[in-house]
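Participant: Here you go, data.csv (CSV, C-alpha atoms and all ligand atoms):
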chain,number,residue,atom,x,y,z
Z,1,MET,CA,-5.4,-1.5,-11.7
Z,2,LEU,CA,-5.5,-2.3,-8.0
Z,3,THR,CA,-8.6,-0.8,-6.5
Z,4,ASP,CA,-9.5,-1.5,-2.9
Z,5,PRO,CA,-13.1,-2.1,-1.5
Z,6,PHE,CA,-13.4,1.6,-0.7
Z,7,GLY,CA,-12.7,2.7,-4.3
Z,8,ARG,CA,-9.1,3.9,-3.6
Z,9,ASP,CA,-6.6,3.1,-6.3
Z,10,VAL,CA,-3.4,1.7,-4.9
Z,11,THR,CA,-0.7,3.4,-6.9
Z,12,TYR,CA,2.1,3.6,-4.3
Z,13,LEU,CA,4.3,0.9,-2.9
Z,14,ARG,CA,6.8,1.4,-0.1
Z,15,VAL,CA,9.4,-1.3,0.2
Z,16,SER,CA,11.4,-2.0,3.3
Z,17,VAL,CA,14.6,-3.7,2.0
Z,18,THR,CA,16.1,-4.4,5.4
Z,19,ASP,CA,15.1,-4.2,9.0
Z,20,ARG,CA,18.6,-3.3,10.0
Z,21,CYS,CA,20.0,0.1,10.7
Z,22,ASP,CA,23.2,1.9,11.7
Z,23,PHE,CA,21.2,4.1,14.1
Z,24,ARG,CA,19.0,3.3,17.0
Z,25,CYS,CA,16.6,6.2,17.2
Z,26,VAL,CA,14.9,6.2,20.6
Z,27,TYR,CA,11.3,6.5,19.2
Z,28,CYS,CA,11.9,3.8,16.5
Z,29,MET,CA,14.0,1.0,18.0
Z,30,SER,CA,15.1,-0.3,21.3
Z,31,GLU,CA,18.9,-0.2,21.9
Z,32,HIS,CA,19.2,-4.0,21.7
Z,33,MET,CA,17.1,-5.0,18.7
Z,34,SER,CA,17.0,-8.6,17.4
Z,35,PHE,CA,17.0,-8.5,13.6
Z,36,LEU,CA,15.8,-11.1,11.2
Z,37,PRO,CA,18.2,-13.8,10.0
Z,38,LYS,CA,19.6,-12.7,6.7
Z,39,ALA,CA,18.3,-16.0,5.2
Z,40,ASP,CA,14.7,-14.8,5.7
Z,41,LEU,CA,15.2,-11.8,3.5
Z,42,LEU,CA,14.0,-11.6,-0.1
Z,43,SER,CA,17.0,-11.4,-2.4
Z,44,LEU,CA,17.4,-8.2,-4.4
Z,45,GLU,CA,16.2,-10.1,-7.5
Z,46,GLU,CA,13.1,-11.2,-5.6
Z,47,LEU,CA,12.5,-7.6,-4.4
Z,48,ASP,CA,12.8,-6.5,-8.1
Z,49,ARG,CA,10.3,-9.2,-9.1
Z,50,VAL,CA,7.7,-8.2,-6.5
Z,51,CYS,CA,8.1,-4.4,-7.3
Z,52,SER,CA,7.9,-5.1,-11.0
Z,53,ALA,CA,4.7,-7.1,-10.5
Z,54,PHE,CA,3.2,-4.1,-8.7
Z,55,VAL,CA,4.3,-1.8,-11.5
Z,56,GLY,CA,2.6,-4.2,-13.9
Z,57,LEU,CA,-0.6,-3.8,-11.9
Z,58,GLY,CA,-0.6,0.0,-12.0
Z,59,VAL,CA,1.7,1.1,-9.2
Z,60,ARG,CA,3.3,4.5,-10.3
Z,61,LYS,CA,5.5,5.3,-7.3
Z,62,LEU,CA,8.0,3.2,-5.4
Z,63,ARG,CA,9.7,4.3,-2.2
Z,64,ILE,CA,12.6,2.3,-1.0
Z,65,THR,CA,12.9,2.4,2.8
Z,66,GLY,CA,13.9,0.3,5.8
Z,67,GLY,CA,15.5,0.0,8.4
Z,68,GLU,CA,18.2,2.0,6.7
Z,69,PRO,CA,17.9,1.1,3.0
Z,70,LEU,CA,21.4,2.2,2.2
Z,71,VAL,CA,23.0,-0.4,4.6
Z,72,ARG,CA,21.6,-3.3,2.5
Z,73,ARG,CA,24.5,-4.7,0.6
Z,74,GLY,CA,24.3,-4.3,-3.2
Z,75,ILE,CA,21.2,-2.0,-2.9
Z,76,MET,CA,22.2,0.0,-6.0
Z,77,THR,CA,21.6,-3.1,-8.1
Z,78,LEU,CA,17.9,-2.9,-7.1
Z,79,PHE,CA,17.7,0.8,-8.0
Z,80,GLN,CA,19.4,0.1,-11.3
Z,81,ALA,CA,17.0,-2.7,-12.1
Z,82,LEU,CA,13.9,-0.7,-11.1
Z,83,SER,CA,15.0,2.3,-13.1
Z,84,ARG,CA,14.0,0.4,-16.3
Z,85,HIS,CA,10.4,1.1,-15.4
Z,86,LEU,CA,11.1,4.8,-15.3
Z,87,ASP,CA,12.8,4.6,-18.7
Z,88,ALA,CA,9.8,2.7,-20.0
Z,89,GLY,CA,7.4,5.3,-18.6
Z,90,ASP,CA,5.6,2.7,-16.5
Z,91,LEU,CA,6.7,4.2,-13.2
Z,92,GLU,CA,6.5,7.9,-12.4
Z,93,GLU,CA,8.7,8.0,-9.4
Z,94,LEU,CA,11.4,6.0,-7.8
Z,95,THR,CA,12.5,7.4,-4.4
Z,96,LEU,CA,14.1,6.7,-1.1
Z,97,THR,CA,13.8,7.5,2.7
Z,98,THR,CA,17.1,7.5,4.4
Z,99,ASN,CA,18.8,8.6,7.6
Z,100,GLY,CA,21.5,10.1,5.4
Z,101,SER,CA,24.5,8.3,7.0
Z,102,GLN,CA,25.5,6.6,3.7
Z,103,LEU,CA,24.0,9.0,1.3
Z,104,GLY,CA,27.2,10.7,0.2
Z,105,LYS,CA,28.5,7.4,-1.2
Z,106,TYR,CA,25.4,6.7,-3.3
Z,107,ALA,CA,24.0,10.2,-4.2
Z,108,SER,CA,25.3,10.3,-7.8
Z,109,ASP,CA,24.4,6.7,-8.5
Z,110,LEU,CA,20.9,7.3,-7.2
Z,111,ALA,CA,20.6,10.3,-9.5
Z,112,ALA,CA,21.9,8.2,-12.4
Z,113,CYS,CA,19.1,5.7,-11.7
Z,114,GLY,CA,16.5,8.4,-12.2
Z,115,VAL,CA,15.9,9.2,-8.5
Z,116,LYS,CA,14.9,12.8,-8.3
Z,117,ARG,CA,13.5,13.5,-4.8
Z,118,ILE,CA,14.5,11.9,-1.6
Z,119,ASN,CA,13.5,12.2,2.1
Z,120,VAL,CA,16.2,12.5,4.7
Z,121,SER,CA,15.1,12.0,8.3
Z,122,LEU,CA,16.7,14.5,10.7
Z,123,ASP,CA,15.2,15.4,14.0
Z,124,THR,CA,17.8,17.9,15.2
Z,125,ILE,CA,20.7,20.0,14.0
Z,126,ASP,CA,22.4,20.0,17.4
Z,127,ALA,CA,25.2,17.5,17.4
Z,128,ASP,CA,24.8,16.4,21.1
Z,129,LYS,CA,21.1,16.0,20.7
Z,130,PHE,CA,21.5,14.1,17.5
Z,131,LYS,CA,23.7,11.6,19.4
Z,132,GLU,CA,21.0,11.4,22.1
Z,133,ILE,CA,18.2,10.7,19.7
Z,134,THR,CA,19.9,8.3,17.3
Z,135,ARG,CA,22.1,6.7,20.0
Z,136,TRP,CA,24.7,5.6,17.4
Z,137,GLY,CA,24.6,8.4,14.8
Z,138,LYS,CA,26.8,11.5,14.1
Z,139,LEU,CA,25.3,14.7,12.8
Z,140,GLU,CA,28.2,16.1,10.8
Z,141,PRO,CA,28.5,13.4,8.2
Z,142,VAL,CA,24.7,13.5,7.7
Z,143,LEU,CA,24.8,17.3,7.0
Z,144,ARG,CA,27.7,16.8,4.6
Z,145,ASN,CA,25.9,14.0,2.8
Z,146,ILE,CA,22.8,16.2,2.4
Z,147,GLU,CA,24.9,18.7,0.6
Z,148,ILE,CA,26.5,16.0,-1.6
Z,149,ALA,CA,23.0,14.8,-2.5
Z,150,GLN,CA,21.9,18.3,-3.5
Z,151,ALA,CA,25.1,18.8,-5.5
Z,152,ALA,CA,24.3,15.5,-7.3
Z,153,GLY,CA,20.9,17.0,-8.3
Z,154,LEU,CA,18.6,15.3,-5.8
Z,155,THR,CA,15.8,17.4,-4.2
Z,156,VAL,CA,16.0,16.7,-0.5
Z,157,LYS,CA,13.0,16.9,1.8
Z,158,ILE,CA,13.6,16.7,5.6
Z,159,ASN,CA,11.4,14.6,7.8
Z,160,THR,CA,11.4,15.4,11.5
Z,161,VAL,CA,9.6,13.6,14.2
Z,162,ALA,CA,8.3,16.1,16.8
Z,163,LEU,CA,9.5,15.0,20.2
Z,164,LYS,CA,8.3,16.7,23.4
Z,165,ASP,CA,11.2,18.0,25.5
Z,166,VAL,CA,13.7,16.8,23.0
Z,167,ASN,CA,13.5,18.9,19.8
Z,168,ASP,CA,10.5,21.2,20.5
Z,169,ASP,CA,12.9,24.1,21.2
Z,170,GLU,CA,14.4,23.7,17.7
Z,171,ILE,CA,11.2,23.7,15.6
Z,172,GLU,CA,11.7,27.3,14.4
Z,173,ARG,CA,15.4,26.8,13.8
Z,174,LEU,CA,14.8,23.7,11.8
Z,175,VAL,CA,12.3,25.5,9.6
Z,176,GLU,CA,14.8,28.3,9.0
Z,177,TRP,CA,17.7,25.9,8.4
Z,178,SER,CA,15.7,23.9,5.9
Z,179,GLY,CA,14.7,27.1,4.1
Z,180,GLU,CA,18.3,28.3,4.0
Z,181,HIS,CA,19.2,25.1,2.2
Z,182,GLY,CA,16.3,25.1,-0.2
Z,183,MET,CA,14.5,22.2,1.4
Z,184,ASP,CA,10.9,21.6,2.5
Z,185,ILE,CA,10.5,20.0,5.9
Z,186,THR,CA,7.7,17.8,7.2
Z,187,PHE,CA,6.9,17.2,10.9
Z,188,ILE,CA,5.6,13.9,12.0
Z,189,GLU,CA,3.9,12.8,15.2
Z,190,THR,CA,5.3,9.7,17.0
Z,191,MET,CA,3.2,6.6,16.2
Z,192,PRO,CA,2.8,3.8,18.7
Z,193,LEU,CA,4.7,1.1,16.8
Z,194,GLY,CA,6.9,-1.5,18.5
Z,195,GLU,CA,8.4,-1.8,22.0
Z,196,ILE,CA,11.0,0.8,22.8
Z,197,GLU,CA,12.6,1.7,26.1
Z,198,GLY,CA,10.6,4.3,28.0
Z,199,ASP,CA,7.1,5.6,27.4
Z,200,ARG,CA,6.0,7.0,24.1
Z,201,THR,CA,3.4,9.2,25.7
Z,202,ASP,CA,6.3,11.2,27.2
Z,203,GLN,CA,7.6,11.9,23.7
Z,204,TYR,CA,4.3,12.6,22.0
Z,205,MET,CA,3.8,16.2,20.8
Z,206,PRO,CA,0.6,17.1,18.9
Z,207,LEU,CA,1.5,19.0,15.7
Z,208,SER,CA,-1.2,21.5,16.5
Z,209,LEU,CA,1.4,22.9,19.0
Z,210,VAL,CA,4.1,22.9,16.4
Z,211,ARG,CA,1.9,24.8,14.0
Z,212,ALA,CA,0.9,27.3,16.7
Z,213,ARG,CA,4.6,28.0,17.6
Z,214,LEU,CA,5.5,28.4,13.9
Z,215,ARG,CA,2.7,30.8,13.4
Z,216,LYS,CA,4.2,33.1,16.0
Z,217,HIS,CA,7.5,33.3,14.1
Z,218,PHE,CA,6.5,32.9,10.4
Z,219,THR,CA,3.8,34.0,8.0
Z,220,LEU,CA,2.1,30.7,7.0
Z,221,THR,CA,-0.4,30.4,4.2
Z,222,ASP,CA,-2.1,27.1,3.3
Z,223,SER,CA,-0.6,25.4,0.3
Z,224,ASP,CA,-2.4,23.3,-2.2
Z,225,HIS,CA,0.8,21.3,-2.7
Z,226,GLN,CA,-0.2,17.6,-2.6
Z,227,THR,CA,2.1,14.6,-2.9
Z,228,GLY,CA,-0.7,12.1,-2.7
Z,229,GLY,CA,0.4,11.4,0.8
Z,230,PRO,CA,-0.8,12.2,4.3
Z,231,ALA,CA,1.1,15.5,4.7
Z,232,ARG,CA,-0.7,18.8,4.6
Z,233,TYR,CA,1.5,21.7,3.6
Z,234,VAL,CA,1.8,25.4,4.4
Z,235,ASN,CA,4.0,28.0,2.6
Z,236,VAL,CA,6.5,29.9,4.8
Z,237,GLN,CA,6.7,33.4,3.4
Z,238,GLU,CA,10.0,34.2,5.1
Z,239,THR,CA,11.9,31.1,3.7
Z,240,GLY,CA,10.0,30.5,0.5
Z,241,GLN,CA,9.9,26.8,1.3
Z,242,ARG,CA,7.0,24.6,2.5
Z,243,VAL,CA,6.4,23.0,5.9
Z,244,GLY,CA,4.3,19.7,6.0
Z,245,PHE,CA,2.5,18.1,8.8
Z,246,ILE,CA,1.7,14.4,9.2
Z,247,THR,CA,-0.7,13.9,12.0
Z,248,PRO,CA,-1.7,10.3,12.2
Z,249,LEU,CA,-3.0,10.7,15.7
Z,250,THR,CA,-4.8,14.0,15.6
Z,251,HIS,CA,-6.1,13.8,12.1
Z,252,ASN,CA,-7.4,10.9,10.2
Z,253,PHE,CA,-5.8,10.8,6.7
Z,254,CYS,CA,-7.0,7.4,5.6
Z,255,GLU,CA,-9.7,8.5,3.2
Z,256,SER,CA,-7.2,9.2,0.5
Z,257,CYS,CA,-4.7,6.4,1.3
Z,258,ASN,CA,-3.2,5.1,-2.0
Z,259,ARG,CA,-0.4,3.0,-0.6
Z,260,VAL,CA,0.6,-0.5,0.7
Z,261,ARG,CA,3.9,-1.6,2.3
Z,262,LEU,CA,6.1,-4.6,1.6
Z,263,THR,CA,8.6,-5.9,4.3
Z,264,CYS,CA,12.0,-7.3,3.4
Z,265,THR,CA,10.6,-10.8,4.0
Z,266,GLY,CA,7.8,-10.4,1.5
Z,267,THR,CA,4.9,-9.6,3.8
Z,268,LEU,CA,2.5,-7.0,2.5
Z,269,TYR,CA,0.8,-4.7,5.0
Z,270,MET,CA,-2.2,-3.1,3.6
Z,271,CYS,CA,-2.3,-0.5,6.4
Z,272,LEU,CA,0.5,0.9,8.5
Z,273,GLY,CA,-1.8,0.9,11.5
Z,274,GLN,CA,-3.3,-2.6,11.3
Z,275,ASP,CA,-1.9,-6.1,11.8
Z,276,ASP,CA,-3.6,-7.8,8.8
Z,277,ALA,CA,-0.9,-8.8,6.2
Z,278,ALA,CA,-0.5,-11.0,3.2
Z,279,ASP,CA,2.5,-13.3,2.5
Z,280,LEU,CA,3.9,-12.7,-1.0
Z,281,ARG,CA,7.1,-14.7,-0.6
Z,282,GLN,CA,5.4,-18.1,-0.9
Z,283,PRO,CA,3.5,-17.2,-4.2
Z,284,LEU,CA,6.7,-15.5,-5.4
Z,285,ARG,CA,8.8,-18.6,-4.8
Z,286,GLN,CA,6.1,-21.1,-5.9
Z,287,SER,CA,6.5,-20.5,-9.6
Z,288,GLU,CA,8.7,-18.7,-12.1
Z,289,SER,CA,5.6,-17.2,-13.5
Z,290,ASP,CA,4.2,-14.2,-11.8
Z,291,ALA,CA,0.6,-15.4,-12.0
Z,292,PRO,CA,0.4,-16.7,-8.4
Z,293,LEU,CA,2.1,-13.5,-7.1
Z,294,ARG,CA,-0.4,-11.3,-9.0
Z,295,GLU,CA,-3.3,-13.3,-7.7
Z,296,ALA,CA,-2.0,-12.9,-4.1
Z,297,ILE,CA,-1.6,-9.2,-4.6
Z,298,HIS,CA,-5.1,-8.8,-5.9
Z,299,ALA,CA,-6.5,-10.9,-2.9
Z,300,ALA,CA,-4.5,-8.7,-0.5
Z,301,ILE,CA,-5.8,-5.4,-1.9
Z,302,ALA,CA,-9.3,-6.7,-1.7
Z,303,ARG,CA,-8.7,-6.8,2.1
Z,304,LYS,CA,-7.3,-3.3,2.5
Z,305,PRO,CA,-9.0,-1.8,5.6
Z,306,GLU,CA,-10.7,1.5,5.6
Z,307,GLY,CA,-8.3,3.1,8.2
Z,308,HIS,CA,-6.1,2.7,11.2
Z,309,ASP,CA,-7.0,2.9,14.9
Z,310,PHE,CA,-3.8,4.6,16.3
Z,311,ILE,CA,-4.1,5.8,19.8
Z,312,ILE,CA,-1.5,6.8,22.2
Z,313,ASP,CA,-2.9,5.9,25.5
Z,314,ARG,CA,-1.1,6.1,28.8
Z,315,ARG,CA,-3.5,3.7,30.5
Z,316,GLN,CA,-3.0,1.1,27.8
Z,317,GLY,CA,0.8,1.2,28.2
Z,318,ALA,CA,1.7,-1.2,25.4
Z,319,PRO,CA,2.2,0.0,21.8
Z,320,ALA,CA,-0.8,-0.2,19.5
Z,321,LEU,CA,1.1,-2.5,17.3
Z,322,THR,CA,4.0,-4.8,18.2
Z,323,ARG,CA,6.0,-4.4,15.0
Z,324,HIS,CA,8.5,-1.5,14.7
Z,325,MET,CA,8.4,1.1,12.0
Z,326,SER,CA,11.7,-0.4,10.7
Z,327,THR,CA,9.8,-3.5,9.8
Z,328,THR,CA,7.2,-1.9,7.6
Z,329,GLY,CA,9.2,1.2,6.7
Z,330,GLY,CA,8.2,4.8,7.4
D,401,LIG,N1,16.1,4.7,8.3
D,401,LIG,C1,15.4,5.5,7.4
D,401,LIG,C2,15.1,6.9,8.0
D,401,LIG,O1,15.2,7.0,9.2
D,401,LIG,O2,14.7,7.7,7.2
D,401,LIG,C3,14.1,4.9,6.8
D,401,LIG,C4,13.2,4.1,7.8
D,401,LIG,S1,12.6,5.1,9.1
D,401,LIG,C5,11.6,3.8,9.9
D,401,LIG,C6,11.4,6.1,8.3
D,401,LIG,C7,10.8,7.2,9.0
D,401,LIG,O3,10.0,6.7,10.1
D,401,LIG,C8,11.8,8.1,9.7
D,401,LIG,O4,11.5,9.5,9.2
D,401,LIG,C9,11.5,8.0,11.1
D,401,LIG,O5,11.8,9.2,11.8
D,401,LIG,C10,10.1,7.6,11.2
D,401,LIG,N2,9.7,6.8,12.4
D,401,LIG,C11,10.3,5.7,12.9
D,401,LIG,N3,9.6,5.3,14.0
D,401,LIG,C12,8.5,6.1,14.2
D,401,LIG,C13,7.5,6.2,15.1
D,401,LIG,N4,7.3,5.4,16.1
D,401,LIG,N5,6.6,7.3,14.9
D,401,LIG,C14,6.7,8.2,13.9
D,401,LIG,N6,7.7,8.1,13.0
D,401,LIG,C15,8.6,7.1,13.1
D,402,LIG,FE1,17.1,3.6,11.8
D,402,LIG,FE2,15.4,5.2,10.5
D,402,LIG,FE3,14.6,3.8,12.7
D,402,LIG,FE4,16.3,5.8,13.0
D,402,LIG,S1,14.2,6.0,12.2
D,402,LIG,S2,16.5,3.8,13.9
D,402,LIG,S3,17.5,5.7,11.2
D,402,LIG,S4,15.2,3.0,10.8
With the file now loaded, output its structure as structure tokens.
Ligand code: SAM
Ligand code: SF4
Facilitator:
Amino acid sequence: MLTDPFGRDVTYLRVSVTDRCDFRCVYCMSEHMSFLPKADLLSLEELDRVCSAFVGLGVRKLRITGGEPLVRRGIMTLFQALSRHLDAGDLEELTLTTNGSQLGKYASDLAACGVKRINVSLDTIDADKFKEITRWGKLEPVLRNIEIAQAAGLTVKINTVALKDVNDDEIERLVEWSGEHGMDITFIETMPLGEIEGDRTDQYMPLSLVRARLRKHFTLTDSDHQTGGPARYVNVQETGQRVGFITPLTHNFCESCNRVRLTCTGTLYMCLGQDDAADLRQPLRQSESDAPLREAIHAAIARKPEGHDFIIDRRQGAPALTRHMSTTGG
């Protein structure tokens, strides 16, 4: 088992398989991003080896993310390889966070690999606004791909970043629309990660406002639904679905943190909101045996910090952390 100095068992690994993306969401990336040279990336076999080492050490849930995970060439071979841990009963859940652009192509293969629930990020259902937010994306194929994924048997949850003066007028409509399609929806506050054009404090919208607005339109009751993650859920009586809230800035969710994050170059971040990291690529490549890798993982978990220090501060100007969310995965 991997237990950190604060007694939290680390049972959840999120893996960013690429820092590249076919969208350029305004809160996530700058328009002209420089990406890592492909040679720096762990191969799909190496990603499998690191994930499998974590599973051997007690990780029960793997989430593949990015950048956009489905733009990584050959990504299905990683899902196919990792599905053996589901078959063996060593892994409870293999899942994915995606922008949905390539989902139609892969939905049935994902389901065949034992993927059951996926998160699709969608901040608006207005085509013009979608273009504004994602810069390079188109709404219509994403909506179609969500339906294809559902038809393939995948349970889809929508993730929406709440953006002041951008999608705040759509909050109620998004909840209704998700309900009509049998999906839960989780709202997320913007986090100060990485340089972007513009000022994040202009986009920041506390979810207390979102919740207050929803209360005027819907009957909300607290839900005891827990995914082991930072989201707190309410049931929406009118739609029969749930709404989740992830509030990194207004609520500290670190006490129950059970996760660590691996980048596509093999760097392990023990906290999304801290800079400390451990290199796993060197121990991985040092030997065909996994012993050095396991040792490096144990040493990293022993340094997992108690919590993050996110703060969106207009006076400070710069992001709290220089790396983008696409590096560590959302
Ligand atoms: N490309 C995939 C997607 O968009 O779902 C996976 C990676 S993306 C980095 C994962 C999640 O992080 C998305 O839901 C995205 O909206 C969210 N995200 C990105 N930058 C963020 C930021 N600065 N603050 C809050 N959420 C952010
Ligand atoms: Fe790409 Fe996801 Fe970031 Fe949007 S949020 S730019 S889709 S990685």
Participant: CA of Leu42 (chain Z) and CA of Cys271 (chain Z), how far apart in Å?
Facilitator: 20.8 Å
Participant: With all atoms listed in the file counted, collect every polymer residue having an atom within 9 Å of ligand LIG 401 (chain D); state the result as a ChimeraX atom specification.
Facilitator: /Z:16,19-23,25-29,64-70,96-100,119-123,158-162,188-194,196,200,248,324-330
Participant: Of the residues Z:Val142, Z:Cys51, Z:Val236, Z:Leu94, which is the one nearest to ligand LIG 402 (chain D), using all atoms listed in the file?
Facilitator: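 Among the listed residues, the smallest separation from ligand LIG 402 (chain D) belongs to Z:Val142.
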Participant: Using only C-alpha atoms and all ligand atoms, which of Z:Arg60, Z:His85, Z:Arg24, Z:Lys129 sits nearest ligand LIG 402 (chain D)?
Facilitator: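 Answer, going by the shortest atom-to-atom distance: Z:Arg24.
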Participant: Could you check which of Z:Tyr269, Z:Tyr12, Z:Phe130, Z:Phe218 is closest to ligand LIG 402 (chain D), using only C-alpha atoms and all ligand atoms?
Facilitator: Z:Phe130
